[in-house]
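Participant: Mind looking over this structure? Questions follow.
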Amino acid sequence: KVQRDAKTQMERHLVRSVGLTQVDEILKVSALQAFNIGQDLGDEVNDLTKTVRALTDKERLVLAKALPKDIATEAANLVNTIQKKNFADAVAMLEDCFSDFCGKRVPKMDKKLEHKVLREYQQELLASLNSNAALTSTIAIAVPLLLAKKKDLMVNLPGKLLGFAITQLEGAVDEAEYETLCELHKKTVSYIQKSSRKGTDAHQVAELEVELGTLSASVTSKVSAMILPAGP
């Protein structure tokens, strides 16, 4: 049950972090198209189409309801239900709405382009991993990097989902490497908690920091070796 709840949380996070940006674009483009053919949707909607930040849920609903009648109901449904969908259903819903509202289809990535995007993403994370000065950040960079390498996933994970994300790597990496990841995560959480808690023994925190440094260096080295191409 805990794993199922964590998976649900992870999917909802993905929908929020990826899907809502697309919802905003759909709504703004739809409103601009209406303005361009002479339909006045009001000053508030006009202002919202010019907003560069992410819209709030309330603003999305205002925009959706103000759209032309033939798409307003479906747009409101998109806003009201997208965050309740799993990731696959959310993507399908977005594709349909792009086509229905804006007259454009989300381009499908061919394998070559998909590989290129994933590779660039991995290289960015790898650079962050090897230039990372904060020991507590190692696990937060290493896990998404391994998910990209082993599962072809690009995810931006909140800290509370790291534990669940690590379980998705079981069987995808060597058992020893998996155990090291779990141990690094455990030590990282412990270090953050103890170092921020008043009255914690300073010597204990220092010892934990040394252990964390050793594990962090080990994970950085092993993950880098997985990502970097083998030498001649």
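Residues in the structure tokens are named by chain (A, B, ... in the order shown) and by number from 1 within that chain; ligands are numbered from 1 in the order shown.
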Which polymer residues have any atom within 7 Å of an atom of region 25-28 of chain A, counting only C-alpha atoms, with same-chain residues fewer than 6 positions away left out, as a PDB file with C-alpha atoms, in the first residue's frame?

Facilitator:
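Contents of the output file result_23.pdb:
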ATOM      1  CA  THR A  49      -2.878  35.393 -22.033  1.00  0.00           C
ATOM      2  CA  LEU A  63      -9.684  31.224 -18.850  1.00  0.00           C
ATOM      3  CA  ALA A  64     -11.394  27.939 -19.656  1.00  0.00           C
ATOM      4  CA  PHE A  98      -4.133  20.470 -28.356  1.00  0.00           C
ATOM      5  CA  CYS A 102      -5.603  24.796 -31.036  1.00  0.00           C
TER       6      CYS A 102
END

Participant: Determine, counting only C-alpha atoms, which protein, DNA and RNA residues have an atom within 10 Å of an atom of Ala140 (chain A); residues of the same chain fewer than 2 positions away are not included. Present the result as a list in words.

Facilitator: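 That gives Leu129, Leu135, Thr136, Ser137, Thr138, Ala142, Val143, Pro144, Leu145, Asn156, Leu157, Pro158, Gly159, Leu161, Leu162, His185 and Thr188 of chain A.
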
Participant: Taking N, CA and C atoms for each residue, export the selection above as a PDB file, in the first residue's frame.

Facilitator:
ATOM      1  N   LEU A 129      26.141  16.276 -10.977  1.00  0.00           N
ATOM      2  CA  LEU A 129      26.579  15.283  -9.994  1.00  0.00           C
ATOM      3  C   LEU A 129      28.054  15.454  -9.657  1.00  0.00           C
ATOM      4  N   LEU A 135      26.789  17.385  -0.035  1.00  0.00           N
ATOM      5  CA  LEU A 135      26.679  15.931   0.095  1.00  0.00           C
ATOM      6  C   LEU A 135      25.225  15.474   0.089  1.00  0.00           C
ATOM      7  N   THR A 136      24.350  16.304   0.628  1.00  0.00           N
ATOM      8  CA  THR A 136      22.945  15.910   0.722  1.00  0.00           C
ATOM      9  C   THR A 136      22.230  15.945  -0.628  1.00  0.00           C
ATOM     10  N   SER A 137      22.879  16.509  -1.645  1.00  0.00           N
ATOM     11  CA  SER A 137      22.251  16.585  -2.969  1.00  0.00           C
ATOM     12  C   SER A 137      22.608  15.411  -3.869  1.00  0.00           C
ATOM     13  N   THR A 138      23.605  14.638  -3.481  1.00  0.00           N
ATOM     14  CA  THR A 138      24.083  13.557  -4.353  1.00  0.00           C
ATOM     15  C   THR A 138      22.972  12.589  -4.726  1.00  0.00           C
ATOM     16  N   ALA A 142      21.594  11.671  -8.403  1.00  0.00           N
ATOM     17  CA  ALA A 142      21.929  10.329  -8.894  1.00  0.00           C
ATOM     18  C   ALA A 142      20.698   9.522  -9.293  1.00  0.00           C
ATOM     19  N   VAL A 143      19.628   9.628  -8.516  1.00  0.00           N
ATOM     20  CA  VAL A 143      18.440   8.806  -8.796  1.00  0.00           C
ATOM     21  C   VAL A 143      17.772   9.193 -10.124  1.00  0.00           C
ATOM     22  N   PRO A 144      17.477  10.482 -10.373  1.00  0.00           N
ATOM     23  CA  PRO A 144      16.919  10.838 -11.686  1.00  0.00           C
ATOM     24  C   PRO A 144      17.857  10.481 -12.841  1.00  0.00           C
ATOM     25  N   LEU A 145      19.158  10.595 -12.593  1.00  0.00           N
ATOM     26  CA  LEU A 145      20.133  10.251 -13.628  1.00  0.00           C
ATOM     27  C   LEU A 145      20.057   8.764 -13.972  1.00  0.00           C
ATOM     28  N   ASN A 156      11.523  15.020 -12.436  1.00  0.00           N
ATOM     29  CA  ASN A 156      11.977  16.000 -11.456  1.00  0.00           C
ATOM     30  C   ASN A 156      11.296  15.632 -10.146  1.00  0.00           C
ATOM     31  N   LEU A 157      12.053  15.029  -9.238  1.00  0.00           N
ATOM     32  CA  LEU A 157      11.448  14.416  -8.057  1.00  0.00           C
ATOM     33  C   LEU A 157      11.543  15.291  -6.817  1.00  0.00           C
ATOM     34  N   PRO A 158      10.430  15.447  -6.097  1.00  0.00           N
ATOM     35  CA  PRO A 158      10.524  16.062  -4.771  1.00  0.00           C
ATOM     36  C   PRO A 158      11.191  15.077  -3.821  1.00  0.00           C
ATOM     37  N   GLY A 159      11.820  15.581  -2.781  1.00  0.00           N
ATOM     38  CA  GLY A 159      12.575  14.730  -1.866  1.00  0.00           C
ATOM     39  C   GLY A 159      11.779  13.582  -1.280  1.00  0.00           C
ATOM     40  N   LEU A 161       9.698  11.706  -2.535  1.00  0.00           N
ATOM     41  CA  LEU A 161       9.472  10.579  -3.439  1.00  0.00           C
ATOM     42  C   LEU A 161      10.763   9.856  -3.823  1.00  0.00           C
ATOM     43  N   LEU A 162      11.889  10.307  -3.292  1.00  0.00           N
ATOM     44  CA  LEU A 162      13.159   9.678  -3.654  1.00  0.00           C
ATOM     45  C   LEU A 162      13.211   8.210  -3.239  1.00  0.00           C
ATOM     46  N   HIS A 185      20.640   7.137   0.650  1.00  0.00           N
ATOM     47  CA  HIS A 185      19.375   7.829   0.909  1.00  0.00           C
ATOM     48  C   HIS A 185      19.074   7.855   2.405  1.00  0.00           C
ATOM     49  N   THR A 188      21.474  10.193   4.157  1.00  0.00           N
ATOM     50  CA  THR A 188      21.182  11.588   3.809  1.00  0.00           C
ATOM     51  C   THR A 188      20.013  12.116   4.630  1.00  0.00           C
TER      52      THR A 188
END

Participant: Which residues come within 9 Å of region 218-220 of chain A, counting only C-alpha atoms, excluding same-chain residues fewer than 3 positions away, as a ChimeraX atom specification?

Facilitator: /A:126,129-130,138-139,142,177,180-181,184,213-215,223-225

Participant: Find the spatial neighbours of Gly163 (chain A), counting only C-alpha atoms, within a cut-off of 9 Å - ignore same-chain residues fewer than 2 positions away - and output them as a tab-separated table (two decimals) with N, CA and C atoms, in the first residue's frame.

Facilitator:
chain	number	residue	atom	x	y	z
A	6	ALA	N	2.92	5.93	-2.88
A	6	ALA	CA	4.07	6.70	-3.36
A	6	ALA	C	4.06	6.81	-4.88
A	159	GLY	N	11.82	15.58	-2.78
A	159	GLY	CA	12.57	14.73	-1.87
A	159	GLY	C	11.78	13.58	-1.28
A	160	LYS	N	10.50	13.82	-1.00
A	160	LYS	CA	9.71	12.78	-0.33
A	160	LYS	C	9.44	11.57	-1.23
A	161	LEU	N	9.70	11.71	-2.54
A	161	LEU	CA	9.47	10.58	-3.44
A	161	LEU	C	10.76	9.86	-3.82
A	165	ALA	N	11.29	6.22	-5.67
A	165	ALA	CA	11.97	6.21	-6.97
A	165	ALA	C	13.14	5.22	-6.96
A	166	ILE	N	13.83	5.14	-5.83
A	166	ILE	CA	14.95	4.20	-5.73
A	166	ILE	C	14.47	2.76	-5.90
A	167	THR	N	13.30	2.44	-5.36
A	167	THR	CA	12.78	1.07	-5.50
A	167	THR	C	12.55	0.70	-6.96
A	182	CYS	N	20.36	2.86	-1.53
A	182	CYS	CA	19.45	2.84	-0.38
A	182	CYS	C	20.13	3.37	0.87
A	185	HIS	N	20.64	7.14	0.65
A	185	HIS	CA	19.38	7.83	0.91
A	185	HIS	C	19.07	7.86	2.40
A	186	LYS	N	19.26	6.71	3.05
A	186	LYS	CA	19.00	6.60	4.48
A	186	LYS	C	19.91	7.54	5.28

Participant: If you run DSSP on the backbone, which residues of chain A are helix (DSSP H, G or I), as JSON, numbers by chain?

Facilitator: {"A": [2, 3, 4, 5, 6, 7, 8, 9, 10, 11, 12, 13, 14, 15, 16, 17, 18, 19, 20, 21, 22, 23, 24, 25, 26, 27, 28, 29, 30, 31, 32, 33, 34, 35, 36, 43, 44, 45, 46, 47, 48, 49, 57, 58, 59, 60, 61, 62, 63, 64, 65, 66, 69, 70, 71, 72, 73, 74, 75, 76, 77, 78, 79, 80, 81, 82, 83, 84, 87, 88, 89, 90, 91, 92, 93, 94, 95, 96, 97, 98, 99, 100, 101, 102, 111, 112, 113, 114, 115, 116, 117, 118, 119, 120, 121, 122, 123, 124, 125, 126, 127, 128, 129, 130, 131, 135, 136, 137, 138, 139, 140, 141, 142, 143, 144, 145, 146, 147, 148, 149, 150, 151, 159, 160, 161, 162, 163, 164, 165, 166, 167, 175, 176, 177, 178, 179, 180, 181, 182, 183, 184, 185, 186, 187, 188, 189, 190, 191, 192, 193, 194, 195, 196, 202, 203, 204, 205, 206, 207, 208, 209, 210, 211, 212, 213, 214, 215, 216, 217, 218, 219, 220, 221, 222, 223, 224, 225, 226, 227]}

Participant: Considering only C-alpha atoms, tabulate each residue of region 52-85 of chain A that lies at most 8 Å from region 89-92 of chain A along with its nearest interatomic pair and the corresponding distance in Å to one decimal; arrange the rows by chain and ascending residue number and present them as a Markdown table.

Facilitator:
| residue | atom | partner | partner_atom | distance |
| --- | --- | --- | --- | --- |
| A:Ile82 | CA | A:Ala90 | CA | 5.9 |
| A:Gln83 | CA | A:Ala90 | CA | 7.8 |
| A:Lys85 | CA | A:Ala90 | CA | 5.4 |

Participant: Keeping N, CA and C atoms, export the residues of the selection given above as an mmCIF file, in the first residue's frame.

Facilitator:
data_model
loop_
_atom_site.group_PDB
_atom_site.id
_atom_site.type_symbol
_atom_site.label_atom_id
_atom_site.label_comp_id
_atom_site.auth_asym_id
_atom_site.auth_seq_id
_atom_site.Cartn_x
_atom_site.Cartn_y
_atom_site.Cartn_z
ATOM 1 N N ILE A 82 -7.449 17.185 -14.992
ATOM 2 C CA ILE A 82 -6.106 16.792 -15.426
ATOM 3 C C ILE A 82 -5.228 16.327 -14.259
ATOM 4 N N GLN A 83 -5.355 16.981 -13.109
ATOM 5 C CA GLN A 83 -4.487 16.632 -11.982
ATOM 6 C C GLN A 83 -4.926 15.352 -11.270
ATOM 7 N N LYS A 85 -5.630 12.639 -13.121
ATOM 8 C CA LYS A 85 -5.299 11.571 -14.064
ATOM 9 C C LYS A 85 -3.936 10.966 -13.754
#

Participant: Point out the residue among A:Leu94, A:Leu169, A:Met226, A:Leu146 with the least atom-to-atom distance to Leu118 (chain A), counting only C-alpha atoms.

Facilitator: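 Among A:Leu94, A:Leu169, A:Met226, A:Leu146, it is A:Leu146 that comes nearest to Leu118 (chain A).
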
Participant: Excluding same-chain residues fewer than 6 positions from region 39-42 of chain A, what lies within 8 Å of it counting only C-alpha atoms, as a short mmCIF file (atom, residue, chain, number, x, y, z; two decimals) with N, CA and C atoms, in the first residue's frame?

Facilitator:
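File written: part04.cif
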data_model
loop_
_atom_site.label_atom_id
_atom_site.label_comp_id
_atom_site.auth_asym_id
_atom_site.auth_seq_id
_atom_site.Cartn_x
_atom_site.Cartn_y
_atom_site.Cartn_z
N ALA A 31 -7.49 31.17 -26.28
CA ALA A 31 -8.02 32.51 -26.05
C ALA A 31 -7.52 33.50 -27.10
N ALA A 66 -14.16 31.18 -20.07
CA ALA A 66 -14.35 32.34 -20.95
C ALA A 66 -14.17 32.01 -22.43
N LEU A 67 -13.68 30.83 -22.73
CA LEU A 67 -13.44 30.44 -24.12
C LEU A 67 -14.76 30.30 -24.88
#

Participant: Which residues, written as a list in words, have at least one atom at most 10 Å from Ala206 (chain A), with only C-alpha atoms counted and residues fewer than 6 positions away on the same chain left out?

Facilitator: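 So the residues in contact are Tyr191, Ser195 and Leu212 of chain A.
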
Participant: Take the selection from the previous step and output its residues with N, CA and C atoms, as a PDB file, in the first residue's frame.

Facilitator:
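Okay, result_30.pdb is ready:
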ATOM      1  N   TYR A 191      21.129  12.503   8.225  1.00  0.00           N
ATOM      2  CA  TYR A 191      22.024  13.655   8.405  1.00  0.00           C
ATOM      3  C   TYR A 191      21.238  14.968   8.398  1.00  0.00           C
ATOM      4  N   SER A 195      21.268  17.164  11.743  1.00  0.00           N
ATOM      5  CA  SER A 195      22.017  18.424  11.676  1.00  0.00           C
ATOM      6  C   SER A 195      21.111  19.641  11.847  1.00  0.00           C
ATOM      7  N   LEU A 212      28.585   9.915   5.145  1.00  0.00           N
ATOM      8  CA  LEU A 212      27.842  10.422   3.994  1.00  0.00           C
ATOM      9  C   LEU A 212      28.794  10.802   2.866  1.00  0.00           C
TER      10      LEU A 212
END

Participant: Which value, in Å to one decimal, gives the distance between CA of Arg60 (chain A) and CA of Leu48 (chain A)?

Facilitator: 8.9 Å
